[in-house]
Amino acid sequence: MIAIAVAVAVGLWSDWHKLAGAFDSFAWDAIPIAIGLTAVNATIRFGKWHYYCHRIGAYPTLSESALIFIAGFALTVTPGKTGEFLKAYLLSRRTGVDAWRAAPISLAERATDGFAVFVLTGTGLSIIWHTAWPVAITLAGTVAGCSLLALLGGTRVRLPTVVSGLWTQLSSHPRAQRVVAMAGSRIRDTADGAAMIFDVRSLVLAFGLGLLSWGAESLALWYALHAFGLPADLDLLGYALAALNAGTLAGAVSLMPGGAGAAEATIAGILTGTVSPAVAGAATLIIRLCTVWIGALLGLGALVALRDCFTPVGASGDTAVQHASRGLPLERNSPSPATGRGE
């Protein structure tokens, strides 16, 4: 409903008659190419997701890993994409790895994708403004951000004395002991997972894959603009890079479902620097359809395929146990009956 409201707003902003005229001039054979480039983006990002799964000690089959990853497309339309943390639960039910250990994967995906999108935005602005300062600043910010993540992943943060003392007192209290022990276990599991994927090698690899994946999606917008009869030159590529990636950042910061509203406004606003509002509005609607909403529908289908993961454990047999009976390697992922934690 929000997406429809945004589409109506874009139409009003562009002027319906002029927007219809822009669509009349659009070469519709560009749609499969735009969707194909979006699929390239998704495929590269899937490679990063599958790599992270192996890094934390989870070994889903390729088809299971792909289903969980595609299910994340439906979860991206949650506010701030926070629903993507559900992928950790799905991975846990399919492989037996502790969900709290897998939770940092979604954080790592968002962080490394965010850094890549940030640098691509700077690259686009450098092309438009004919200066290297924007890309230099964004690269410096990315290096600083990745260094901080690597530092956090490679060290154990010591709690302040006051907090540590309070934690000890709660641990000794009979009524709070179980809750504190559970919380401590989950914090340790999450910290272990973060340490495995926030190392320098993984961050560099993930950032490089992010540049390739979101660069491919930027090319989708570039080609869509070209399909309106615009010359496919370097300046148009700069606007495509700046518009799509700045829109992605704006949508994430807005915390709106799927970034609806903020992403469209940013993309269309930047594109008006080189095209008419009607073409900017039409290109924005097309690229958002190809890159977000088609994927969300595919994600819903993947969630349906994973519906057995939502049955209560023990109701019809734990999914991970069923997979173990098929010979999948779960020994290192299976939770210990004594502690409930992955061994």
# chains A, B, ... in the order shown; residues from 1 in each chain; ligands from 1
$ closest_atom_pairs --of "segment 225-282 of chain A" --to "segment 13-16 of chain A" --cutoff "8 Å" --atoms "only C-alpha atoms" --output "JSON lines"
{"residue": "A:Pro277", "atom": "CA", "partner": "A:Ser14", "partner_atom": "CA", "distance": 5.3}
{"residue": "A:Ala278", "atom": "CA", "partner": "A:Ser14", "partner_atom": "CA", "distance": 4.7}
{"residue": "A:Ala280", "atom": "CA", "partner": "A:Ser14", "partner_atom": "CA", "distance": 8.0}
{"residue": "A:Gly281", "atom": "CA", "partner": "A:Ser14", "partner_atom": "CA", "distance": 5.9}
$ residues_around --residues "segment 120-137 of chain A" --least-positions-apart "5" --cutoff "12 Å" --atoms "only C-alpha atoms" --output "count of residues only"
43
$ residues_around --residues "segment 292-300 of chain A" --least-positions-apart "2" --cutoff "10 Å" --atoms "only C-alpha atoms" --output "short mmCIF file (atom, residue, chain, number, x, y, z; two decimals) with C-alpha atoms, in the first residue's frame"
data_model
loop_
_atom_site.label_atom_id
_atom_site.label_comp_id
_atom_site.auth_asym_id
_atom_site.auth_seq_id
_atom_site.Cartn_x
_atom_site.Cartn_y
_atom_site.Cartn_z
CA ALA A 3 4.51 1.48 -2.55
CA ILE A 35 16.04 -7.51 -14.48
CA THR A 38 19.48 -7.07 -10.95
CA ALA A 39 19.83 -10.87 -10.99
CA ALA A 42 21.50 -10.91 -6.33
CA LEU A 67 16.07 -20.41 -0.55
CA ILE A 68 16.99 -18.69 2.71
CA PHE A 69 18.80 -15.92 0.84
CA ILE A 70 15.89 -15.33 -1.55
CA ALA A 71 13.48 -15.31 1.39
CA GLY A 72 15.45 -12.30 2.56
CA PHE A 73 14.11 -10.34 -0.44
CA ALA A 74 10.66 -10.38 1.15
CA LEU A 75 12.18 -9.39 4.48
CA THR A 76 13.93 -6.33 2.97
CA VAL A 77 10.56 -4.56 2.87
CA GLY A 258 11.59 -1.19 1.44
CA GLY A 259 12.82 2.39 1.75
CA ALA A 260 9.55 3.44 0.08
CA ILE A 287 14.06 0.58 -11.55
CA ARG A 288 12.29 0.23 -8.20
CA LEU A 289 9.94 -2.35 -9.71
CA CYS A 290 12.85 -4.33 -11.15
CA ALA A 302 10.80 -18.74 -0.86
CA LEU A 303 9.22 -18.18 2.57
CA VAL A 304 6.36 -20.47 1.59
CA ALA A 305 8.89 -23.11 0.52
CA LEU A 306 10.55 -22.76 3.96
#
$ residues_around --residues "segment 192-198 of chain A" --least-positions-apart "3" --cutoff "7 Å" --atoms "only C-alpha atoms" --output "CSV table (one decimal) with N, CA and C atoms, in the first residue's frame"
chain,number,residue,atom,x,y,z
A,52,TYR,N,29.6,-16.4,4.1
A,52,TYR,CA,29.5,-16.1,5.5
A,52,TYR,C,28.9,-17.4,6.3
A,55,ARG,N,31.7,-19.5,7.0
A,55,ARG,CA,32.6,-18.9,8.0
A,55,ARG,C,32.2,-19.2,9.4
A,56,ILE,N,30.9,-19.2,9.7
A,56,ILE,CA,30.4,-19.4,11.1
A,56,ILE,C,30.2,-20.9,11.4
A,101,ARG,N,24.5,-17.2,16.9
A,101,ARG,CA,25.8,-17.2,16.2
A,101,ARG,C,25.7,-16.7,14.8
A,102,ALA,N,24.6,-17.0,14.1
A,102,ALA,CA,24.4,-16.6,12.7
A,102,ALA,C,23.9,-15.2,12.6
A,104,PRO,N,25.0,-12.2,13.3
A,104,PRO,CA,25.9,-11.2,12.8
A,104,PRO,C,26.0,-11.2,11.3
A,149,LEU,N,35.1,-2.2,12.3
A,149,LEU,CA,34.5,-3.5,12.4
A,149,LEU,C,35.5,-4.6,12.6
A,150,ALA,N,36.7,-4.5,12.0
A,150,ALA,CA,37.7,-5.5,12.2
A,150,ALA,C,38.3,-5.5,13.6
A,153,GLY,N,35.6,-7.1,15.8
A,153,GLY,CA,35.6,-8.5,15.6
A,153,GLY,C,36.7,-9.2,16.2
A,154,GLY,N,37.9,-8.5,16.3
A,154,GLY,CA,39.1,-9.2,16.7
A,154,GLY,C,39.4,-9.0,18.2
A,188,ARG,N,27.7,-14.4,24.0
A,188,ARG,CA,28.9,-15.0,23.6
A,188,ARG,C,28.8,-15.7,22.3
A,189,ASP,N,27.7,-16.3,22.0
A,189,ASP,CA,27.5,-16.9,20.7
A,189,ASP,C,27.5,-15.8,19.6
A,202,SER,N,37.7,-11.2,5.3
A,202,SER,CA,36.3,-11.3,4.9
A,202,SER,C,35.7,-10.0,4.6
A,203,LEU,N,36.1,-8.9,5.3
A,203,LEU,CA,35.6,-7.6,5.1
A,203,LEU,C,36.1,-7.1,3.7
$ closest_residue --among "A:Met1, A:Leu230, A:Pro32, A:Ala9" --to "Ala265 of chain A" --atoms "only C-alpha atoms"
A:Ala9
$ select_by_dssp --residues "segment 25-267 of chain A" --states "helix (DSSP H, G or I)" --output "CSV table (one decimal) with C-alpha atoms, in the first residue's frame"
chain,number,residue,atom,x,y,z
A,30,ALA,CA,15.2,-2.8,-21.8
A,31,ILE,CA,13.2,-4.4,-18.9
A,32,PRO,CA,14.6,-7.9,-19.3
A,33,ILE,CA,18.1,-6.4,-19.4
A,34,ALA,CA,17.5,-4.4,-16.2
A,35,ILE,CA,16.0,-7.5,-14.5
A,36,GLY,CA,19.1,-9.5,-15.7
A,37,LEU,CA,21.5,-7.0,-14.2
A,38,THR,CA,19.5,-7.1,-11.0
A,39,ALA,CA,19.8,-10.9,-11.0
A,40,VAL,CA,23.6,-10.4,-11.3
A,41,ASN,CA,23.5,-8.3,-8.2
A,42,ALA,CA,21.5,-10.9,-6.3
A,43,THR,CA,23.8,-13.7,-7.5
A,44,ILE,CA,26.9,-12.0,-6.3
A,45,ARG,CA,25.3,-11.1,-3.0
A,46,PHE,CA,24.2,-14.8,-2.6
A,47,GLY,CA,27.9,-15.8,-3.0
A,48,LYS,CA,28.7,-13.5,-0.1
A,49,TRP,CA,25.9,-14.9,2.1
A,50,HIS,CA,27.0,-18.5,1.4
A,51,TYR,CA,30.6,-17.6,2.2
A,52,TYR,CA,29.5,-16.1,5.5
A,53,CYS,CA,27.4,-19.3,6.3
A,54,HIS,CA,30.6,-21.4,5.9
A,55,ARG,CA,32.6,-18.9,8.0
A,62,LEU,CA,23.3,-24.9,-2.1
A,63,SER,CA,19.5,-25.1,-2.7
A,64,GLU,CA,18.7,-24.5,1.0
A,65,SER,CA,21.1,-21.6,1.2
A,66,ALA,CA,19.6,-20.0,-1.9
A,67,LEU,CA,16.1,-20.4,-0.5
A,68,ILE,CA,17.0,-18.7,2.7
A,69,PHE,CA,18.8,-15.9,0.8
A,70,ILE,CA,15.9,-15.3,-1.6
A,71,ALA,CA,13.5,-15.3,1.4
A,72,GLY,CA,15.4,-12.3,2.6
A,73,PHE,CA,14.1,-10.3,-0.4
A,74,ALA,CA,10.7,-10.4,1.2
A,75,LEU,CA,12.2,-9.4,4.5
A,82,THR,CA,15.5,-5.6,10.3
A,83,GLY,CA,13.4,-8.6,9.2
A,84,GLU,CA,16.4,-10.0,7.5
A,85,PHE,CA,17.6,-11.2,10.9
A,86,LEU,CA,15.0,-13.9,10.5
A,87,LYS,CA,17.4,-15.5,8.1
A,88,ALA,CA,19.6,-16.5,11.1
A,89,TYR,CA,16.6,-18.4,12.5
A,90,LEU,CA,15.9,-20.1,9.2
A,91,LEU,CA,19.6,-21.1,8.9
A,92,SER,CA,19.4,-22.5,12.4
A,93,ARG,CA,16.4,-24.6,11.7
A,94,ARG,CA,17.9,-26.0,8.5
A,95,THR,CA,21.5,-26.7,9.7
A,99,ALA,CA,20.7,-18.7,15.5
A,100,TRP,CA,22.5,-16.1,17.7
A,101,ARG,CA,25.8,-17.2,16.2
A,102,ALA,CA,24.4,-16.6,12.7
A,104,PRO,CA,25.9,-11.2,12.8
A,105,ILE,CA,25.7,-12.3,9.1
A,106,SER,CA,22.8,-9.9,8.4
A,107,LEU,CA,24.7,-7.1,10.1
A,108,ALA,CA,27.8,-7.9,8.1
A,109,GLU,CA,25.8,-7.9,4.9
A,110,ARG,CA,24.2,-4.6,5.6
A,111,ALA,CA,27.5,-3.0,6.7
A,112,THR,CA,29.6,-4.2,3.7
A,113,ASP,CA,26.8,-3.4,1.2
A,114,GLY,CA,26.4,0.0,2.8
A,115,PHE,CA,30.1,0.8,2.4
A,116,ALA,CA,30.0,-0.4,-1.2
A,117,VAL,CA,26.9,1.8,-2.0
A,118,PHE,CA,28.6,4.7,-0.2
A,119,VAL,CA,31.7,4.5,-2.4
A,120,LEU,CA,29.6,4.0,-5.6
A,121,THR,CA,27.6,7.2,-4.7
A,122,GLY,CA,30.9,9.0,-4.3
A,123,THR,CA,32.1,7.6,-7.7
A,124,GLY,CA,28.9,8.9,-9.4
A,125,LEU,CA,29.3,12.4,-7.9
A,126,SER,CA,33.0,12.5,-8.9
A,127,ILE,CA,31.9,11.8,-12.5
A,128,ILE,CA,29.1,14.4,-12.4
A,129,TRP,CA,31.2,17.1,-10.7
A,133,TRP,CA,37.1,14.5,-3.9
A,134,PRO,CA,33.7,12.6,-3.5
A,135,VAL,CA,35.1,9.2,-4.2
A,136,ALA,CA,38.2,9.9,-2.1
A,137,ILE,CA,36.1,10.9,0.9
A,138,THR,CA,33.8,7.9,0.6
A,139,LEU,CA,36.8,5.6,0.3
A,140,ALA,CA,38.4,7.1,3.4
A,141,GLY,CA,35.1,6.7,5.3
A,142,THR,CA,34.9,3.1,4.2
A,143,VAL,CA,38.4,2.2,5.3
A,144,ALA,CA,37.7,3.8,8.7
A,145,GLY,CA,34.4,1.8,9.0
A,146,CYS,CA,35.9,-1.5,8.0
A,147,SER,CA,38.8,-0.9,10.4
A,148,LEU,CA,36.4,-0.4,13.2
A,149,LEU,CA,34.5,-3.5,12.4
A,150,ALA,CA,37.7,-5.5,12.2
A,151,LEU,CA,38.8,-4.1,15.6
A,152,LEU,CA,35.5,-5.0,17.1
A,153,GLY,CA,35.6,-8.5,15.6
A,154,GLY,CA,39.1,-9.2,16.7
A,161,THR,CA,33.4,-2.3,36.5
A,162,VAL,CA,29.9,-1.1,37.5
A,163,VAL,CA,28.2,-3.2,34.8
A,164,SER,CA,30.4,-6.2,35.5
A,165,GLY,CA,29.6,-6.0,39.2
A,166,LEU,CA,25.8,-5.7,38.5
A,167,TRP,CA,26.0,-8.7,36.2
A,168,THR,CA,27.8,-10.8,38.9
A,169,GLN,CA,25.1,-9.9,41.4
A,170,LEU,CA,22.3,-10.8,39.0
A,171,SER,CA,24.1,-14.1,38.2
A,172,SER,CA,24.0,-15.1,41.9
A,174,PRO,CA,18.2,-17.4,42.2
A,175,ARG,CA,15.4,-15.9,40.3
A,176,ALA,CA,17.5,-14.1,37.8
A,177,GLN,CA,20.2,-16.7,37.4
A,178,ARG,CA,18.7,-18.6,34.5
A,179,VAL,CA,17.8,-15.4,32.5
A,180,VAL,CA,21.3,-14.0,33.1
A,181,ALA,CA,23.0,-17.2,32.1
A,182,MET,CA,20.9,-17.4,28.9
A,183,ALA,CA,21.6,-13.8,28.0
A,184,GLY,CA,25.3,-14.4,28.6
A,185,SER,CA,25.3,-17.5,26.4
A,186,ARG,CA,23.6,-15.6,23.6
A,187,ILE,CA,26.0,-12.7,23.8
A,188,ARG,CA,28.9,-15.0,23.6
A,189,ASP,CA,27.5,-16.9,20.7
A,190,THR,CA,26.8,-13.6,18.8
A,191,ALA,CA,30.3,-12.4,19.6
A,192,ASP,CA,31.8,-15.6,18.3
A,193,GLY,CA,29.9,-15.3,15.1
A,194,ALA,CA,31.0,-11.7,14.7
A,195,ALA,CA,34.6,-12.6,15.3
A,196,MET,CA,34.5,-15.1,12.4
A,197,ILE,CA,33.1,-12.7,9.8
A,200,VAL,CA,40.1,-8.2,7.5
A,201,ARG,CA,40.1,-10.8,4.8
A,202,SER,CA,36.3,-11.3,4.9
A,203,LEU,CA,35.6,-7.6,5.1
A,204,VAL,CA,37.8,-6.9,2.0
A,205,LEU,CA,36.2,-9.7,0.1
A,206,ALA,CA,32.7,-8.7,1.0
A,207,PHE,CA,33.3,-5.0,0.2
A,208,GLY,CA,34.7,-6.0,-3.2
A,209,LEU,CA,31.7,-8.2,-4.0
A,210,GLY,CA,29.5,-5.3,-2.9
A,211,LEU,CA,31.1,-3.0,-5.4
A,212,LEU,CA,30.4,-5.6,-8.2
A,213,SER,CA,26.9,-6.4,-7.1
A,214,TRP,CA,25.6,-2.8,-6.6
A,215,GLY,CA,27.6,-1.7,-9.6
A,216,ALA,CA,25.6,-4.1,-11.8
A,217,GLU,CA,22.3,-2.7,-10.4
A,218,SER,CA,23.5,0.8,-11.2
A,219,LEU,CA,24.1,-0.3,-14.8
A,220,ALA,CA,20.5,-1.4,-14.8
A,221,LEU,CA,19.4,2.1,-14.1
A,222,TRP,CA,21.9,3.5,-16.7
A,223,TYR,CA,20.5,1.2,-19.3
A,224,ALA,CA,16.9,2.1,-18.4
A,225,LEU,CA,17.7,5.8,-18.8
A,226,HIS,CA,19.3,5.0,-22.2
A,234,LEU,CA,29.8,8.6,-19.0
A,235,ASP,CA,27.8,11.5,-17.5
A,236,LEU,CA,24.6,9.5,-17.6
A,237,LEU,CA,26.5,6.6,-15.9
A,238,GLY,CA,27.5,9.1,-13.2
A,239,TYR,CA,23.9,10.1,-12.6
A,240,ALA,CA,22.8,6.5,-12.5
A,241,LEU,CA,25.5,5.6,-10.0
A,242,ALA,CA,24.8,8.6,-7.8
A,243,ALA,CA,21.0,8.3,-8.0
A,244,LEU,CA,20.6,4.5,-7.4
A,245,ASN,CA,23.1,4.2,-4.6
A,246,ALA,CA,22.2,7.5,-2.8
A,247,GLY,CA,18.5,6.3,-3.0
A,248,THR,CA,19.5,3.0,-1.5
A,249,LEU,CA,21.2,4.8,1.4
A,250,ALA,CA,18.3,7.1,1.9
A,251,GLY,CA,15.9,4.2,1.9
A,252,ALA,CA,17.9,2.4,4.5
A,253,VAL,CA,18.3,5.5,6.8
A,254,SER,CA,14.5,6.3,6.5
A,262,ALA,CA,12.8,8.2,0.6
A,263,ALA,CA,14.5,6.0,-2.1
A,264,GLU,CA,12.1,7.2,-4.9
A,265,ALA,CA,12.5,10.8,-3.9
A,266,THR,CA,16.3,10.6,-3.8
A,267,ILE,CA,16.6,8.8,-7.1
$ closest_residue --among "A:Pro79, A:Val6, A:His17, A:Thr61" --to "Leu255 of chain A" --atoms "only C-alpha atoms"
A:Pro79
